[in-house]
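Asker: Starting off with a structure, shown below.
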Amino acid sequence: MRTWIKRWGSAMAVAAALASPVSAADLAGSDGINMIDPTPVAEQKPAVDGINFKFSAVSGAIGGNSNHMFIASVATPMPFAPSFGAQLDLGIGLYRESYTSAAAGLHLFYRNPDVGLLGIYGDWGYVNPEHAGRMGVEGSLYSGRFTIDAFAGVQFGQHVMTEFVDEVDFSYYFTDNLRGSLGHRLTSRGHAANVSFEFMPEGGGGWSLFGEAEAGEDEYHSAWLGLRYSFGQSSANTLIERDRVADPLIRIPRNLASVTRCGEIQDPDNYYTSWNGFETSKHEHLCADEEELDDRGAIQGKK
């Protein structure tokens with residue numbers, strides 16, 4: 001069963017992300033000063049220092065089953081509002097040697113590279129035939145060699161329950177080119193703890209090695225390693241510089257976790273779901289934890 005935090009926290013996350021959209025013009029006062037960053041425009045640092053790209057190959061397991069993916073992303077500052085940036089992430093792969101896995105993510109954010117990042121984020125994850133979306137607020141806080149990255153929002157779609165989800169990572173840069181982190185995840189399968197790292201060899205020409213492992217409720221466990229190549233207009237020469245001036249955190253393949261235990265409901269007409277009193281959708285295929293699937297009499301296909 002989910003706690004009241006999932007029901008009411010999700011509403012707060014969506015409200016923060018969607019209820020008050022702002023433009024660059026809205027953030028300027030009558031004297032033209034940016035209300036978020038009062039630093040003179042000529043002295044403001046860009047959210048993304050040029051058009052930058054990443055290509056990654058990851059291999060491992062999600063939810064206890066193999067998953068191999070290629071991931072590409074592009075980050076860019078906003079025209080005429082360089083304190084704001086955007087990043088698009090795309091992934092395609094193979095899950096459990098039998099299912100296509102795919103994902104996409106979009107970040108729209110304000111960032112001061114000396115302080116942190118705040119923006120809205122949405123993504124979509126697919127493990128044939130089930131899929132789910134997430135939308136909410138993401139933010140980062142930079143302090144010396146420490147970074148806190150967080151995402152809080154709502155997952156939704158015809159194959160998942162509409163409920164609160166989150167990601168939180170506490171990172172430390174042991175050197176300018178080696179990052180380690182501990183984190184927490186909340187997905188449709190419950191709570192999970194996460195540990196991850198990334199290492200960029202000095203003089204490696206933009207190549208880095210990264211990996212993550214996580215385990216939690218519902219017998220959920222995942223681990224993967226990846227090789228990443230970063231290039232573009234960024235002036236960053238180290239990993240810590242790249243993470244703070246070039247592009248924000250990529251949340252693929254993390255976002256596939258919610259669609260790794262799924263089943264077919266035998267009597268879907270009796271299983272409409274509701275969220276905060278509103279009827280949402282009828283489920284024929286549902287991805288959730290084992291208890292939820294058993295309560296609905298689902299025959300599990302992926303697990």
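Naming works like this for the structure tokens: A, B, ... for the chains as they're shown, residue 1 at the start of each chain, ligands 1 onward in shown order.
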Once DSSP has gone over the backbone, tell me which residues of range 67-285 of chain A are in strand (DSSP E), as a PyMOL selection string.
Answerer: chain A and resi 67-78+81-95+99-112+116-127+130-143+146-156+163-175+178-187+190-199+207-216+220-232+262-265+272-275+278-282+285
Asker: Name the closest residue to His285 in chain A among the candidates A:Phe164, A:Asn128, A:Met200, A:Ala215; distances are taken between atoms, counting only C-alpha atoms.
Answerer: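 That would be A:Asn128, the residue with the smallest distance to His285 in chain A.
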Asker: Within 10 Å of range 251-254 of chain A, which residues of range 95-181 of chain A show up? Give each one with its shortest atom-to-atom distance in Å (one decimal) and the two atoms involved, counting only C-alpha atoms, rows by chain then rising residue number, as CSV.
Answerer:
residue,atom,partner,partner_atom,distance
A:Ser101,CA,A:Pro253,CA,9.2
A:Ala102,CA,A:Pro253,CA,8.6
A:Ala103,CA,A:Ile252,CA,6.8
A:Ala104,CA,A:Ile252,CA,7.6
A:Gly105,CA,A:Arg251,CA,7.5
A:Leu106,CA,A:Arg251,CA,9.9
A:Asp123,CA,A:Arg251,CA,8.5
A:Trp124,CA,A:Ile252,CA,9.5
A:Gly125,CA,A:Pro253,CA,8.3
A:Phe151,CA,A:Arg251,CA,9.7
A:Glu167,CA,A:Arg251,CA,9.1
Asker: Once DSSP has gone over the backbone, tell me which residues of range 59-244 of chain A are in helix (DSSP H, G or I), as a list in words.
Answerer: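 Here is the list: Leu239, Ile240, Glu241, Arg242, Asp243 and Arg244 of chain A.
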Asker: For N, CA and C atoms, I'd like the residues from the last selection saved as a PDB file, in the first residue's frame.
Answerer:
ATOM      1  N   LEU A 239      35.531  16.031 -15.201  1.00  0.00           N
ATOM      2  CA  LEU A 239      34.181  15.517 -14.985  1.00  0.00           C
ATOM      3  C   LEU A 239      33.336  16.495 -14.180  1.00  0.00           C
ATOM      4  N   ILE A 240      33.886  17.070 -13.126  1.00  0.00           N
ATOM      5  CA  ILE A 240      33.100  17.981 -12.290  1.00  0.00           C
ATOM      6  C   ILE A 240      32.704  19.222 -13.077  1.00  0.00           C
ATOM      7  N   GLU A 241      33.577  19.705 -13.949  1.00  0.00           N
ATOM      8  CA  GLU A 241      33.221  20.835 -14.802  1.00  0.00           C
ATOM      9  C   GLU A 241      32.137  20.454 -15.792  1.00  0.00           C
ATOM     10  N   ARG A 242      32.282  19.290 -16.411  1.00  0.00           N
ATOM     11  CA  ARG A 242      31.280  18.859 -17.393  1.00  0.00           C
ATOM     12  C   ARG A 242      29.901  18.759 -16.770  1.00  0.00           C
ATOM     13  N   ASP A 243      29.817  18.181 -15.555  1.00  0.00           N
ATOM     14  CA  ASP A 243      28.524  17.971 -14.917  1.00  0.00           C
ATOM     15  C   ASP A 243      27.853  19.273 -14.515  1.00  0.00           C
ATOM     16  N   ARG A 244      28.628  20.350 -14.358  1.00  0.00           N
ATOM     17  CA  ARG A 244      28.054  21.595 -13.861  1.00  0.00           C
ATOM     18  C   ARG A 244      27.913  22.684 -14.916  1.00  0.00           C
TER      19      ARG A 244
END
Asker: Please provide the set of residues having any atom within 12 Å of Tyr142 in chain A, restricted to only C-alpha atoms, with same-chain residues fewer than 4 positions apart removed, written as a list in words.
Answerer: Arg111, Asn112, Pro113, Asp114, Val115, Gly116, Leu117, Leu118, Phe146, Thr147, Ile148, Asp149, Phe170, Ser171, Tyr172, Tyr173, Ile240, Glu241, Asp243, Arg244 and Val245 of chain A
Asker: Which polymer residues have any atom within 7 Å of an atom of Gly190 in chain A, counting only C-alpha atoms, with same-chain residues fewer than 3 positions away left out, as a VMD selection string?
Answerer: chain A and resid 186 to 187 217 to 218
Asker: Restrict the selected residues to C-alpha atoms and save them as a PDB file, in the first residue's frame.
Answerer:
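Result file follows (part_36.pdb):
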ATOM      1  CA  LEU A 186      10.712   5.436  -5.537  1.00  0.00           C
ATOM      2  CA  THR A 187       9.068   3.585  -8.425  1.00  0.00           C
ATOM      3  CA  GLU A 217      11.407  -3.549  -2.094  1.00  0.00           C
ATOM      4  CA  ASP A 218       9.536  -6.114  -4.195  1.00  0.00           C
TER       5      ASP A 218
END
Asker: I'd like the neighbourhood of Ala298 in chain A as number ranges by chain, where a residue qualifies if any of its atoms comes within 8 Å (using only C-alpha atoms), though same-chain residues fewer than 5 positions away should be ignored.
Answerer: A: 263-266, 286, 293
Asker: Could you write those residues out with N, CA and C atoms, as a tab-separated table (two decimals), in the first residue's frame?
Answerer:
chain	number	residue	atom	x	y	z
A	263	GLY	N	1.88	-7.46	-15.50
A	263	GLY	CA	0.98	-8.59	-15.67
A	263	GLY	C	-0.27	-8.22	-16.44
A	264	GLU	N	-0.99	-9.22	-16.89
A	264	GLU	CA	-2.24	-9.03	-17.62
A	264	GLU	C	-3.40	-9.26	-16.68
A	265	ILE	N	-4.27	-8.27	-16.56
A	265	ILE	CA	-5.43	-8.37	-15.69
A	265	ILE	C	-6.55	-9.10	-16.43
A	266	GLN	N	-7.12	-10.09	-15.79
A	266	GLN	CA	-8.08	-10.97	-16.47
A	266	GLN	C	-9.45	-10.33	-16.64
A	286	LEU	N	-0.81	-4.14	-16.44
A	286	LEU	CA	-0.44	-3.25	-15.34
A	286	LEU	C	0.96	-3.60	-14.86
A	293	LEU	N	-0.25	-6.53	-8.09
A	293	LEU	CA	-0.65	-7.41	-9.19
A	293	LEU	C	-1.47	-8.59	-8.67
Asker: Using 9 Å as the limit and counting only C-alpha atoms, can you tabulate each residue of range 195-286 of chain A that touches range 72-80 of chain A, with its shortest atom-to-atom distance in Å and the two atoms involved, as a Markdown table?
Answerer:
| residue | atom | partner | partner_atom | distance |
| --- | --- | --- | --- | --- |
| A:Ala246 | CA | A:Ala75 | CA | 7.3 |
| A:Asp247 | CA | A:Ala75 | CA | 5.8 |
| A:Pro248 | CA | A:Ala75 | CA | 8.2 |
| A:Ile250 | CA | A:Ser73 | CA | 8.2 |
Asker: Hey, can you check how far CA of Glu212 in chain A sits from CA of Tyr99 in chain A?
Answerer: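 Interatomic distance, CA of Glu212 in chain A to CA of Tyr99 in chain A: 21.8 Å.
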Asker: Within 7 Å of range 119-122 of chain A, counting only C-alpha atoms, which residues qualify if same-chain residues fewer than 5 places away don't, as a PyMOL selection string?
Answerer: chain A and resi 17+105-110+134-139
Asker: Residues as selected, N, CA and C atoms, written as a PDB file, in the first residue's frame, can you do that?
Answerer:
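Printed below is selection-v2.pdb as written:
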ATOM      1  N   ALA A  17       5.509  22.138 -10.793  1.00  0.00           N
ATOM      2  CA  ALA A  17       6.087  22.037 -12.131  1.00  0.00           C
ATOM      3  C   ALA A  17       5.230  22.686 -13.195  1.00  0.00           C
ATOM      4  N   GLY A 105      13.732  11.539 -22.563  1.00  0.00           N
ATOM      5  CA  GLY A 105      13.629  12.481 -21.460  1.00  0.00           C
ATOM      6  C   GLY A 105      13.865  13.899 -21.949  1.00  0.00           C
ATOM      7  N   LEU A 106      13.176  14.866 -21.343  1.00  0.00           N
ATOM      8  CA  LEU A 106      13.340  16.267 -21.705  1.00  0.00           C
ATOM      9  C   LEU A 106      13.520  17.096 -20.436  1.00  0.00           C
ATOM     10  N   HIS A 107      14.604  17.889 -20.386  1.00  0.00           N
ATOM     11  CA  HIS A 107      14.901  18.795 -19.288  1.00  0.00           C
ATOM     12  C   HIS A 107      14.770  20.236 -19.786  1.00  0.00           C
ATOM     13  N   LEU A 108      14.073  21.083 -19.044  1.00  0.00           N
ATOM     14  CA  LEU A 108      14.008  22.528 -19.286  1.00  0.00           C
ATOM     15  C   LEU A 108      14.356  23.194 -17.958  1.00  0.00           C
ATOM     16  N   PHE A 109      15.427  24.010 -17.913  1.00  0.00           N
ATOM     17  CA  PHE A 109      15.950  24.389 -16.608  1.00  0.00           C
ATOM     18  C   PHE A 109      16.657  25.739 -16.625  1.00  0.00           C
ATOM     19  N   TYR A 110      16.726  26.319 -15.422  1.00  0.00           N
ATOM     20  CA  TYR A 110      17.599  27.448 -15.138  1.00  0.00           C
ATOM     21  C   TYR A 110      18.799  26.895 -14.378  1.00  0.00           C
ATOM     22  N   ARG A 134       6.655  10.031 -16.747  1.00  0.00           N
ATOM     23  CA  ARG A 134       6.867  10.736 -15.488  1.00  0.00           C
ATOM     24  C   ARG A 134       7.007  12.232 -15.790  1.00  0.00           C
ATOM     25  N   MET A 135       6.524  13.063 -14.873  1.00  0.00           N
ATOM     26  CA  MET A 135       6.702  14.510 -15.016  1.00  0.00           C
ATOM     27  C   MET A 135       6.797  15.130 -13.636  1.00  0.00           C
ATOM     28  N   GLY A 136       7.706  16.117 -13.501  1.00  0.00           N
ATOM     29  CA  GLY A 136       7.835  16.780 -12.215  1.00  0.00           C
ATOM     30  C   GLY A 136       8.933  17.820 -12.228  1.00  0.00           C
ATOM     31  N   VAL A 137       9.493  18.068 -11.058  1.00  0.00           N
ATOM     32  CA  VAL A 137      10.514  19.096 -10.844  1.00  0.00           C
ATOM     33  C   VAL A 137      11.848  18.414 -10.588  1.00  0.00           C
ATOM     34  N   GLU A 138      12.923  18.939 -11.181  1.00  0.00           N
ATOM     35  CA  GLU A 138      14.264  18.457 -10.850  1.00  0.00           C
ATOM     36  C   GLU A 138      15.123  19.626 -10.414  1.00  0.00           C
ATOM     37  N   GLY A 139      16.103  19.327  -9.582  1.00  0.00           N
ATOM     38  CA  GLY A 139      16.993  20.373  -9.113  1.00  0.00           C
ATOM     39  C   GLY A 139      18.325  19.799  -8.708  1.00  0.00           C
TER      40      GLY A 139
END
Asker: Find the residues around Phe197 in chain A up to 8 Å (only C-alpha atoms counted), leave out those fewer than 2 positions away in its own chain, and share them as number ranges by chain.
Answerer: A: 178-181, 195, 199, 210-212
Asker: Write the selection just made, keeping N, CA and C atoms, as a tab-separated table (two decimals), in the first residue's frame?
Answerer:
chain	number	residue	atom	x	y	z
A	178	LEU	N	36.52	11.84	-10.75
A	178	LEU	CA	35.92	10.64	-10.17
A	178	LEU	C	34.80	11.04	-9.23
A	179	ARG	N	33.58	10.61	-9.57
A	179	ARG	CA	32.40	10.91	-8.77
A	179	ARG	C	31.79	9.62	-8.23
A	180	GLY	N	31.42	9.62	-6.98
A	180	GLY	CA	30.66	8.53	-6.38
A	180	GLY	C	29.39	9.08	-5.75
A	181	SER	N	28.33	8.29	-5.71
A	181	SER	CA	27.08	8.81	-5.13
A	181	SER	C	26.27	7.70	-4.48
A	195	VAL	N	23.63	3.09	-5.59
A	195	VAL	CA	25.01	3.53	-5.52
A	195	VAL	C	25.53	3.64	-6.95
A	199	PHE	N	33.87	7.78	-13.87
A	199	PHE	CA	35.29	8.09	-13.92
A	199	PHE	C	35.66	8.53	-15.32
A	210	PHE	N	31.05	4.62	-16.40
A	210	PHE	CA	30.10	4.85	-15.32
A	210	PHE	C	29.31	3.59	-15.02
A	211	GLY	N	28.70	3.56	-13.85
A	211	GLY	CA	27.90	2.40	-13.47
A	211	GLY	C	26.99	2.71	-12.31
A	212	GLU	N	25.94	1.89	-12.16
A	212	GLU	CA	24.99	2.04	-11.07
A	212	GLU	C	24.55	0.66	-10.60
Asker: Just how far from CA of Ala61 in chain A is CA of His221 in chain A, in Å to one decimal?
Answerer: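 If I compute the distance from CA of His221 in chain A to CA of Ala61 in chain A, I get 8.1 Å.
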Asker: Which value, in Å to one decimal, gives the distance between CA of Gly50 in chain A and CA of Asp166 in chain A?
Answerer: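 Between CA of Gly50 in chain A and CA of Asp166 in chain A the gap works out to 29.2 Å.
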Asker: Compare A:Ser235, A:Gly204, A:Met69, A:Phe156 by their minimum atom-to-atom distance to Asp49 in chain A, counting only C-alpha atoms, and give me the closest one.
Answerer: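 Of all the options, A:Ser235 lies closest to Asp49 in chain A.
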